[in-house]
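Have a look at target22.txt; it's compact mmCIF, N, CA and C atoms and all ligand atoms:
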# COMPACT_ATOMS: atom_id res chain seq x y z
N MET V 12 210.09 -108.40 71.55
CA MET V 12 209.54 -109.15 70.42
C MET V 12 208.49 -110.13 70.94
N ASN V 13 207.66 -110.57 70.02
CA ASN V 13 206.74 -111.66 70.34
C ASN V 13 207.11 -112.88 69.51
N LEU V 14 207.03 -114.04 70.12
CA LEU V 14 207.33 -115.28 69.45
C LEU V 14 206.06 -116.13 69.47
N CYS V 15 205.56 -116.48 68.28
CA CYS V 15 204.33 -117.25 68.19
C CYS V 15 204.66 -118.71 67.88
N CYS V 16 204.03 -119.64 68.58
CA CYS V 16 204.20 -121.07 68.31
C CYS V 16 203.07 -121.51 67.40
N LEU V 17 203.40 -121.84 66.16
CA LEU V 17 202.38 -122.23 65.19
C LEU V 17 201.85 -123.62 65.51
N SER V 18 200.57 -123.83 65.22
CA SER V 18 199.98 -125.15 65.38
C SER V 18 199.88 -125.84 64.01
N VAL V 19 199.58 -127.13 64.03
CA VAL V 19 199.65 -127.93 62.79
C VAL V 19 198.62 -127.53 61.73
N ASP V 20 197.64 -126.70 62.09
CA ASP V 20 196.64 -126.27 61.09
C ASP V 20 197.08 -125.02 60.32
N THR V 21 198.30 -124.57 60.51
CA THR V 21 198.77 -123.35 59.83
C THR V 21 198.95 -123.59 58.33
N PRO V 22 198.28 -122.79 57.49
CA PRO V 22 198.42 -122.98 56.04
C PRO V 22 199.74 -122.39 55.51
N PHE V 23 200.12 -122.84 54.32
CA PHE V 23 201.38 -122.41 53.71
C PHE V 23 201.46 -120.89 53.54
N ASP V 24 200.32 -120.25 53.31
CA ASP V 24 200.29 -118.78 53.13
C ASP V 24 200.91 -118.03 54.31
N VAL V 25 200.72 -118.55 55.50
CA VAL V 25 201.29 -117.90 56.69
C VAL V 25 202.83 -118.00 56.65
N PHE V 26 203.34 -119.13 56.19
CA PHE V 26 204.80 -119.29 56.07
C PHE V 26 205.34 -118.36 55.00
N LYS V 27 204.58 -118.25 53.89
CA LYS V 27 205.01 -117.36 52.81
C LYS V 27 205.07 -115.92 53.30
N SER V 28 204.02 -115.52 54.01
CA SER V 28 203.91 -114.14 54.45
C SER V 28 204.95 -113.76 55.50
N PHE V 29 205.16 -114.66 56.47
CA PHE V 29 206.06 -114.31 57.57
C PHE V 29 207.47 -114.89 57.43
N GLY V 30 207.60 -115.95 56.66
CA GLY V 30 208.90 -116.60 56.57
C GLY V 30 209.70 -116.26 55.33
N PHE V 31 209.01 -115.93 54.23
CA PHE V 31 209.72 -115.69 52.98
C PHE V 31 209.94 -114.20 52.72
N ARG V 32 209.53 -113.36 53.64
CA ARG V 32 209.70 -111.92 53.44
C ARG V 32 210.51 -111.37 54.61
N SER V 33 211.14 -110.25 54.37
CA SER V 33 211.90 -109.62 55.45
C SER V 33 211.17 -108.37 55.92
N GLY V 34 211.10 -108.24 57.23
CA GLY V 34 210.51 -107.04 57.82
C GLY V 34 211.30 -105.78 57.52
N ARG V 35 212.53 -105.96 57.01
CA ARG V 35 213.34 -104.80 56.61
C ARG V 35 212.74 -104.12 55.38
N ASN V 36 212.12 -104.94 54.51
CA ASN V 36 211.62 -104.39 53.24
C ASN V 36 210.10 -104.22 53.21
N GLU V 37 209.40 -105.00 54.00
CA GLU V 37 207.94 -104.96 53.95
C GLU V 37 207.36 -104.99 55.35
N ASP V 38 206.16 -104.44 55.47
CA ASP V 38 205.46 -104.49 56.76
C ASP V 38 204.62 -105.77 56.79
N LYS V 39 205.14 -106.78 57.51
CA LYS V 39 204.45 -108.07 57.54
C LYS V 39 203.12 -108.00 58.28
N PHE V 40 202.95 -106.98 59.07
CA PHE V 40 201.73 -106.86 59.88
C PHE V 40 200.74 -105.84 59.31
N GLU V 41 200.95 -105.46 58.06
CA GLU V 41 200.07 -104.49 57.43
C GLU V 41 198.61 -104.95 57.50
N GLY V 42 197.75 -104.06 57.93
CA GLY V 42 196.32 -104.38 58.02
C GLY V 42 195.94 -105.12 59.29
N MET V 43 196.94 -105.46 60.12
CA MET V 43 196.65 -106.15 61.38
C MET V 43 196.84 -105.15 62.51
N ASP V 44 195.90 -105.12 63.41
CA ASP V 44 196.05 -104.16 64.51
C ASP V 44 195.92 -104.83 65.88
N GLU V 45 195.38 -106.02 65.90
CA GLU V 45 195.21 -106.75 67.14
C GLU V 45 195.15 -108.25 66.85
N PRO V 46 195.26 -109.09 67.83
CA PRO V 46 195.41 -108.82 69.26
C PRO V 46 196.83 -108.36 69.61
N ARG V 47 196.93 -107.70 70.75
CA ARG V 47 198.25 -107.26 71.23
C ARG V 47 198.50 -107.81 72.63
N SER V 48 199.75 -108.09 72.89
CA SER V 48 200.15 -108.58 74.21
C SER V 48 200.47 -107.39 75.12
N GLU V 49 200.85 -107.70 76.33
CA GLU V 49 201.10 -106.62 77.31
C GLU V 49 202.21 -105.67 76.89
N ASN V 50 203.13 -106.15 76.05
CA ASN V 50 204.23 -105.27 75.60
C ASN V 50 203.80 -104.36 74.44
N GLY V 51 202.52 -104.47 74.05
CA GLY V 51 201.99 -103.60 73.00
C GLY V 51 202.19 -104.11 71.59
N LEU V 52 202.84 -105.27 71.45
CA LEU V 52 203.10 -105.81 70.12
C LEU V 52 201.99 -106.78 69.69
N ILE V 53 201.84 -106.91 68.38
CA ILE V 53 200.82 -107.81 67.83
C ILE V 53 201.29 -109.27 67.97
N PHE V 54 200.33 -110.17 68.17
CA PHE V 54 200.62 -111.60 67.98
C PHE V 54 199.56 -112.15 67.05
N LEU V 55 199.82 -113.30 66.44
CA LEU V 55 198.88 -113.84 65.46
C LEU V 55 197.57 -114.24 66.15
N SER V 56 196.45 -113.88 65.51
CA SER V 56 195.15 -114.18 66.11
C SER V 56 194.70 -115.60 65.79
N ARG V 57 195.35 -116.22 64.80
CA ARG V 57 194.98 -117.60 64.42
C ARG V 57 196.25 -118.42 64.22
N TYR V 58 196.05 -119.73 64.21
CA TYR V 58 197.11 -120.70 63.87
C TYR V 58 198.22 -120.79 64.91
N ILE V 59 198.01 -120.27 66.10
CA ILE V 59 199.05 -120.44 67.12
C ILE V 59 198.45 -121.15 68.34
N ASN V 60 199.30 -121.88 69.05
CA ASN V 60 198.82 -122.51 70.28
C ASN V 60 199.42 -121.85 71.52
N ALA V 61 200.36 -120.94 71.30
CA ALA V 61 200.97 -120.20 72.41
C ALA V 61 201.78 -119.04 71.87
N PHE V 62 202.05 -118.09 72.71
CA PHE V 62 203.04 -117.07 72.34
C PHE V 62 203.82 -116.65 73.57
N MET V 63 204.98 -116.08 73.31
CA MET V 63 205.83 -115.54 74.38
C MET V 63 206.22 -114.13 74.00
N SER V 64 206.22 -113.25 74.97
CA SER V 64 206.76 -111.92 74.78
C SER V 64 208.16 -111.91 75.36
N LEU V 65 209.09 -111.35 74.61
CA LEU V 65 210.49 -111.39 75.00
C LEU V 65 211.10 -110.00 74.98
N LYS V 66 211.94 -109.74 75.95
CA LYS V 66 212.71 -108.49 75.97
C LYS V 66 214.13 -108.84 75.58
N VAL V 67 214.62 -108.21 74.52
CA VAL V 67 215.97 -108.52 74.03
C VAL V 67 217.01 -107.95 74.99
N GLU V 68 217.87 -108.84 75.49
CA GLU V 68 218.94 -108.42 76.41
C GLU V 68 220.27 -108.28 75.67
N GLN V 69 220.45 -109.14 74.67
CA GLN V 69 221.74 -109.16 73.98
C GLN V 69 221.58 -109.75 72.57
N TYR V 70 222.38 -109.28 71.65
CA TYR V 70 222.41 -109.84 70.30
C TYR V 70 223.82 -110.32 70.02
N VAL V 71 223.94 -111.58 69.59
CA VAL V 71 225.25 -112.13 69.27
C VAL V 71 225.31 -112.40 67.77
N ASP V 72 226.29 -111.80 67.10
CA ASP V 72 226.42 -111.94 65.66
C ASP V 72 227.26 -113.16 65.31
N PHE V 73 226.66 -114.14 64.61
CA PHE V 73 227.38 -115.33 64.18
C PHE V 73 227.61 -115.34 62.68
N ASP V 74 227.72 -114.15 62.09
CA ASP V 74 228.00 -113.99 60.66
C ASP V 74 226.80 -114.38 59.79
N THR V 75 226.56 -115.70 59.61
CA THR V 75 225.43 -116.09 58.77
C THR V 75 224.11 -116.03 59.55
N HIS V 76 224.19 -116.13 60.85
CA HIS V 76 223.01 -116.08 61.71
C HIS V 76 223.27 -115.16 62.89
N GLY V 77 222.21 -114.78 63.57
CA GLY V 77 222.35 -113.99 64.78
C GLY V 77 221.55 -114.64 65.89
N MET V 78 222.00 -114.45 67.12
CA MET V 78 221.27 -115.03 68.24
C MET V 78 220.82 -113.92 69.19
N PHE V 79 219.54 -113.95 69.53
CA PHE V 79 219.00 -113.01 70.49
C PHE V 79 218.91 -113.69 71.86
N ILE V 80 219.45 -113.04 72.86
CA ILE V 80 219.32 -113.54 74.23
C ILE V 80 218.27 -112.66 74.90
N CYS V 81 217.21 -113.30 75.41
CA CYS V 81 216.04 -112.56 75.85
C CYS V 81 215.54 -113.00 77.23
N THR V 82 214.76 -112.12 77.81
CA THR V 82 214.03 -112.44 79.02
C THR V 82 212.56 -112.56 78.66
N VAL V 83 211.89 -113.60 79.17
CA VAL V 83 210.46 -113.77 78.91
C VAL V 83 209.69 -112.83 79.82
N THR V 84 208.82 -112.00 79.21
CA THR V 84 208.04 -111.06 80.02
C THR V 84 206.57 -111.47 80.11
N GLU V 85 206.13 -112.33 79.17
CA GLU V 85 204.75 -112.82 79.20
C GLU V 85 204.70 -114.12 78.41
N ALA V 86 203.83 -115.02 78.82
CA ALA V 86 203.66 -116.27 78.08
C ALA V 86 202.22 -116.71 78.23
N ARG V 87 201.58 -117.01 77.09
CA ARG V 87 200.18 -117.44 77.15
C ARG V 87 199.95 -118.68 76.30
N VAL V 88 199.16 -119.58 76.83
CA VAL V 88 198.71 -120.74 76.06
C VAL V 88 197.40 -120.34 75.39
N ILE V 89 197.30 -120.57 74.08
CA ILE V 89 196.11 -120.15 73.33
C ILE V 89 195.19 -121.34 73.06
N SER V 90 195.77 -122.47 72.71
CA SER V 90 194.95 -123.66 72.44
C SER V 90 195.77 -124.91 72.76
N ASN V 91 195.12 -126.07 72.72
CA ASN V 91 195.86 -127.31 72.97
C ASN V 91 196.14 -128.08 71.68
N ARG V 92 196.02 -127.38 70.54
CA ARG V 92 196.35 -128.01 69.26
C ARG V 92 197.85 -128.29 69.19
N GLU V 93 198.20 -129.29 68.44
CA GLU V 93 199.61 -129.70 68.38
C GLU V 93 200.50 -128.64 67.72
N THR V 94 201.73 -128.57 68.16
CA THR V 94 202.69 -127.59 67.62
C THR V 94 203.22 -128.03 66.26
N MET V 95 203.36 -127.09 65.37
CA MET V 95 203.98 -127.33 64.06
C MET V 95 205.49 -127.50 64.25
N THR V 96 205.99 -128.68 63.90
CA THR V 96 207.44 -128.88 63.94
C THR V 96 208.00 -128.67 62.55
N TYR V 97 209.32 -128.59 62.45
CA TYR V 97 209.97 -128.40 61.16
C TYR V 97 209.69 -129.58 60.24
N SER V 98 209.72 -130.79 60.81
CA SER V 98 209.48 -131.97 59.96
C SER V 98 208.01 -132.06 59.55
N TYR V 99 207.09 -131.64 60.42
CA TYR V 99 205.67 -131.64 60.03
C TYR V 99 205.47 -130.67 58.87
N TYR V 100 206.12 -129.53 58.95
CA TYR V 100 206.03 -128.53 57.88
C TYR V 100 206.51 -129.11 56.56
N PHE V 101 207.67 -129.78 56.58
CA PHE V 101 208.21 -130.35 55.34
C PHE V 101 207.34 -131.47 54.80
N ASP V 102 206.79 -132.30 55.69
CA ASP V 102 206.01 -133.46 55.26
C ASP V 102 204.58 -133.13 54.85
N HIS V 103 203.97 -132.11 55.47
CA HIS V 103 202.54 -131.90 55.26
C HIS V 103 202.12 -130.52 54.76
N VAL V 104 202.97 -129.52 54.88
CA VAL V 104 202.55 -128.15 54.54
C VAL V 104 203.25 -127.62 53.29
N LYS V 105 204.55 -127.73 53.28
CA LYS V 105 205.32 -127.17 52.16
C LYS V 105 204.97 -127.89 50.86
N PRO V 106 204.52 -127.15 49.82
CA PRO V 106 204.19 -127.81 48.55
C PRO V 106 205.44 -128.46 47.95
N LYS V 107 205.24 -129.63 47.34
CA LYS V 107 206.35 -130.30 46.67
C LYS V 107 206.69 -129.49 45.41
N PRO V 108 207.97 -129.22 45.16
CA PRO V 108 208.33 -128.43 43.97
C PRO V 108 207.93 -129.15 42.69
N GLU V 109 207.47 -128.36 41.71
CA GLU V 109 207.04 -128.95 40.44
C GLU V 109 208.23 -129.03 39.50
N THR V 110 208.99 -130.11 39.64
CA THR V 110 210.21 -130.25 38.86
C THR V 110 210.05 -131.24 37.71
N GLU V 111 208.86 -131.83 37.60
CA GLU V 111 208.60 -132.84 36.57
C GLU V 111 208.96 -132.30 35.17
N GLY V 112 209.89 -132.95 34.52
CA GLY V 112 210.27 -132.56 33.15
C GLY V 112 211.11 -131.30 33.07
N LYS V 113 211.50 -130.76 34.21
CA LYS V 113 212.29 -129.53 34.20
C LYS V 113 213.76 -129.82 34.47
N LYS V 114 214.60 -128.95 33.93
CA LYS V 114 216.04 -129.08 34.13
C LYS V 114 216.54 -127.80 34.77
N GLY V 115 217.23 -127.92 35.88
CA GLY V 115 217.72 -126.71 36.53
C GLY V 115 217.98 -126.92 38.00
N PHE V 116 217.58 -125.93 38.79
CA PHE V 116 217.89 -125.95 40.22
C PHE V 116 216.65 -125.59 41.02
N VAL V 117 216.49 -126.27 42.15
CA VAL V 117 215.32 -126.03 42.98
C VAL V 117 215.74 -125.46 44.33
N CYS V 118 214.99 -124.46 44.79
CA CYS V 118 215.27 -123.83 46.08
C CYS V 118 214.82 -124.78 47.20
N LYS V 119 215.76 -125.10 48.09
CA LYS V 119 215.46 -126.05 49.18
C LYS V 119 214.53 -125.42 50.22
N ILE V 120 214.47 -124.09 50.22
CA ILE V 120 213.66 -123.41 51.22
C ILE V 120 212.20 -123.34 50.80
N CYS V 121 211.95 -122.88 49.55
CA CYS V 121 210.56 -122.62 49.16
C CYS V 121 210.09 -123.43 47.96
N GLY V 122 211.00 -124.11 47.26
CA GLY V 122 210.59 -124.94 46.14
C GLY V 122 210.59 -124.24 44.79
N TYR V 123 211.01 -122.99 44.75
CA TYR V 123 211.10 -122.28 43.47
C TYR V 123 212.05 -123.01 42.54
N VAL V 124 211.67 -123.13 41.25
CA VAL V 124 212.52 -123.83 40.30
C VAL V 124 213.14 -122.84 39.31
N TYR V 125 214.46 -122.83 39.27
CA TYR V 125 215.21 -122.03 38.30
C TYR V 125 215.57 -122.94 37.15
N GLU V 126 215.10 -122.60 35.95
CA GLU V 126 215.39 -123.45 34.80
C GLU V 126 216.60 -122.92 34.05
N GLY V 127 217.58 -123.79 33.89
CA GLY V 127 218.81 -123.39 33.18
C GLY V 127 219.91 -124.38 33.51
N ASP V 128 220.99 -124.31 32.72
CA ASP V 128 222.10 -125.25 32.92
C ASP V 128 222.97 -124.86 34.10
N GLU V 129 223.09 -123.55 34.33
CA GLU V 129 223.94 -123.10 35.42
C GLU V 129 223.23 -122.05 36.25
N LEU V 130 223.36 -122.17 37.55
CA LEU V 130 222.76 -121.20 38.45
C LEU V 130 223.80 -120.11 38.74
N PRO V 131 223.49 -118.84 38.42
CA PRO V 131 224.46 -117.78 38.71
C PRO V 131 224.80 -117.74 40.20
N GLU V 132 226.08 -117.53 40.52
CA GLU V 132 226.55 -117.53 41.90
C GLU V 132 225.82 -116.53 42.79
N ASP V 133 225.46 -115.40 42.18
CA ASP V 133 224.83 -114.34 42.97
C ASP V 133 223.29 -114.40 42.88
N PHE V 134 222.78 -115.56 42.43
CA PHE V 134 221.34 -115.67 42.27
C PHE V 134 220.62 -115.60 43.61
N VAL V 135 219.52 -114.86 43.62
CA VAL V 135 218.70 -114.75 44.83
C VAL V 135 217.29 -115.23 44.49
N CYS V 136 216.77 -116.15 45.28
CA CYS V 136 215.44 -116.70 45.02
C CYS V 136 214.39 -115.59 45.05
N PRO V 137 213.59 -115.47 43.97
CA PRO V 137 212.59 -114.39 43.92
C PRO V 137 211.46 -114.57 44.95
N LEU V 138 211.27 -115.79 45.44
CA LEU V 138 210.18 -116.01 46.40
C LEU V 138 210.62 -115.83 47.84
N CYS V 139 211.71 -116.52 48.23
CA CYS V 139 212.09 -116.50 49.65
C CYS V 139 213.35 -115.70 49.92
N LYS V 140 213.99 -115.19 48.84
CA LYS V 140 215.18 -114.32 48.96
C LYS V 140 216.42 -115.03 49.51
N HIS V 141 216.43 -116.38 49.48
CA HIS V 141 217.64 -117.09 49.87
C HIS V 141 218.59 -117.16 48.67
N GLY V 142 219.88 -117.32 48.96
CA GLY V 142 220.89 -117.28 47.91
C GLY V 142 221.13 -118.63 47.24
N ALA V 143 222.07 -118.63 46.30
CA ALA V 143 222.38 -119.82 45.49
C ALA V 143 222.76 -121.03 46.35
N ALA V 144 223.33 -120.80 47.53
CA ALA V 144 223.75 -121.91 48.40
C ALA V 144 222.58 -122.78 48.83
N ASP V 145 221.38 -122.23 48.78
CA ASP V 145 220.21 -122.99 49.21
C ASP V 145 219.48 -123.66 48.03
N PHE V 146 220.14 -123.72 46.88
CA PHE V 146 219.56 -124.40 45.73
C PHE V 146 220.27 -125.73 45.50
N GLU V 147 219.55 -126.70 44.95
CA GLU V 147 220.17 -127.97 44.56
C GLU V 147 219.67 -128.35 43.18
N PRO V 148 220.50 -129.10 42.44
CA PRO V 148 220.09 -129.49 41.09
C PRO V 148 218.80 -130.31 41.12
N VAL V 149 217.94 -130.11 40.12
CA VAL V 149 216.73 -130.93 39.98
C VAL V 149 217.16 -132.35 39.66
N LYS V 150 216.61 -133.31 40.41
CA LYS V 150 216.99 -134.71 40.19
C LYS V 150 216.10 -135.34 39.14
FE FE E 1 213.26 -119.91 47.65

Could you show the structure in this file as structure tokens?
Amino acid sequence: MNLCCLSVDTPFDVFKSFGFRSGRNEDKFEGMDEPRSENGLIFLSRYINAFMSLKVEQYVDFDTHGMFICTVTEARVISNRETMTYSYYFDHVKPKPETEGKKGFVCKICGYVYEGDELPEDFVCPLCKHGAADFEPVK
């Protein structure tokens, strides 16, 4: 696999495209053919300050999450722009949910607003595909 380190200039569209979709259902790299690292895989041509190529040695199943144990086979620095942290993403990139005057539940992951008195237990967010556990009532 390749792991790309996003820099602070990454627009929300990149998060939508790579973070809110699953590679199981869609080809996230459709229309992209390069650049490629030594392992033959694509890495992002923009918005990254570094990438690492990893060889998967082991997968550990933690039920809700999985952990990949890998060996680094290549690592390149692309730019000296600052790295996007999770808190930078929340403070500066992720759009604030439009909950003004709405009653219902908001997705903590992507900001989608479900309007209604009760959120169905098996509800799946249409944007990021996260389940009801990741929703909170609109305040
Ligand atoms: Fe969502």

Discussion item. Taking only N, CA and C atoms and all ligand atoms into account, list the residues no farther than 8 Å from ligand FE 1 (chain E), as number ranges by chain.
Written reply: V: 31, 117-124, 135-142, 145-146

For N, CA and C atoms, I'd like the residues from the last selection saved as a short mmCIF file (atom, residue, chain, number, x, y, z; two decimals), keeping the file's coordinate frame.
data_model
loop_
_atom_site.label_atom_id
_atom_site.label_comp_id
_atom_site.auth_asym_id
_atom_site.auth_seq_id
_atom_site.Cartn_x
_atom_site.Cartn_y
_atom_site.Cartn_z
N PHE V 31 209.01 -115.93 54.23
CA PHE V 31 209.72 -115.69 52.98
C PHE V 31 209.94 -114.20 52.72
N VAL V 117 216.49 -126.27 42.15
CA VAL V 117 215.32 -126.03 42.98
C VAL V 117 215.74 -125.46 44.33
N CYS V 118 214.99 -124.46 44.79
CA CYS V 118 215.27 -123.83 46.08
C CYS V 118 214.82 -124.78 47.20
N LYS V 119 215.76 -125.10 48.09
CA LYS V 119 215.46 -126.05 49.18
C LYS V 119 214.53 -125.42 50.22
N ILE V 120 214.47 -124.09 50.22
CA ILE V 120 213.66 -123.41 51.22
C ILE V 120 212.20 -123.34 50.80
N CYS V 121 211.95 -122.88 49.55
CA CYS V 121 210.56 -122.62 49.16
C CYS V 121 210.09 -123.43 47.96
N GLY V 122 211.00 -124.11 47.26
CA GLY V 122 210.59 -124.94 46.14
C GLY V 122 210.59 -124.24 44.79
N TYR V 123 211.01 -122.99 44.75
CA TYR V 123 211.10 -122.28 43.47
C TYR V 123 212.05 -123.01 42.54
N VAL V 124 211.67 -123.13 41.25
CA VAL V 124 212.52 -123.83 40.30
C VAL V 124 213.14 -122.84 39.31
N VAL V 135 219.52 -114.86 43.62
CA VAL V 135 218.70 -114.75 44.83
C VAL V 135 217.29 -115.23 44.49
N CYS V 136 216.77 -116.15 45.28
CA CYS V 136 215.44 -116.70 45.02
C CYS V 136 214.39 -115.59 45.05
N PRO V 137 213.59 -115.47 43.97
CA PRO V 137 212.59 -114.39 43.92
C PRO V 137 211.46 -114.57 44.95
N LEU V 138 211.27 -115.79 45.44
CA LEU V 138 210.18 -116.01 46.40
C LEU V 138 210.62 -115.83 47.84
N CYS V 139 211.71 -116.52 48.23
CA CYS V 139 212.09 -116.50 49.65
C CYS V 139 213.35 -115.70 49.92
N LYS V 140 213.99 -115.19 48.84
CA LYS V 140 215.18 -114.32 48.96
C LYS V 140 216.42 -115.03 49.51
N HIS V 141 216.43 -116.38 49.48
CA HIS V 141 217.64 -117.09 49.87
C HIS V 141 218.59 -117.16 48.67
N GLY V 142 219.88 -117.32 48.96
CA GLY V 142 220.89 -117.28 47.91
C GLY V 142 221.13 -118.63 47.24
N ASP V 145 221.38 -122.23 48.78
CA ASP V 145 220.21 -122.99 49.21
C ASP V 145 219.48 -123.66 48.03
N PHE V 146 220.14 -123.72 46.88
CA PHE V 146 219.56 -124.40 45.73
C PHE V 146 220.27 -125.73 45.50
#

Worksheet item: Quick one: of V:Val104, V:Thr82, V:Asp133, V:Asn50, who's nearest to V:Gln69, counting only C-alpha atoms?
Response: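 Among V:Val104, V:Thr82, V:Asp133, V:Asn50, it is V:Thr82 that comes nearest to V:Gln69.
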
Worksheet entry | Atom-to-atom span, atom N of V:Gly77 and atom N of V:Gly30, Å | 16.2 Å

Practice prompt. Go through V:Ile53, V:Cys15, V:Val25, V:Ala144 and flag the residue nearest V:Lys105, using only C-alpha atoms for the distances.
Written response: V:Val25

Practice prompt. Enumerate the residues of chain V with a DSSP assignment of helix (DSSP H, G or I), computed from the backbone, and present them as JSON, numbers by chain.
Written response: {"V": [23, 24, 25, 26, 27, 28, 29, 30, 97, 98, 99, 100, 101, 102, 103, 104, 143, 144, 145]}

Practice prompt. Can you work out which one of V:Asp128, V:Lys66, V:Leu14, V:Met95 has the shortest atom-to-atom distance to V:Lys114, counting only C-alpha atoms?
Written response: V:Asp128

Discussion item. Need to verify the contact set: V:Ser64, 6.5 Å, all atoms listed in the file, exclusion of same-chain residues closer than 4 positions in sequence. Can you return it as a ChimeraX atom specification?
Written reply: /V:12-14,82-87
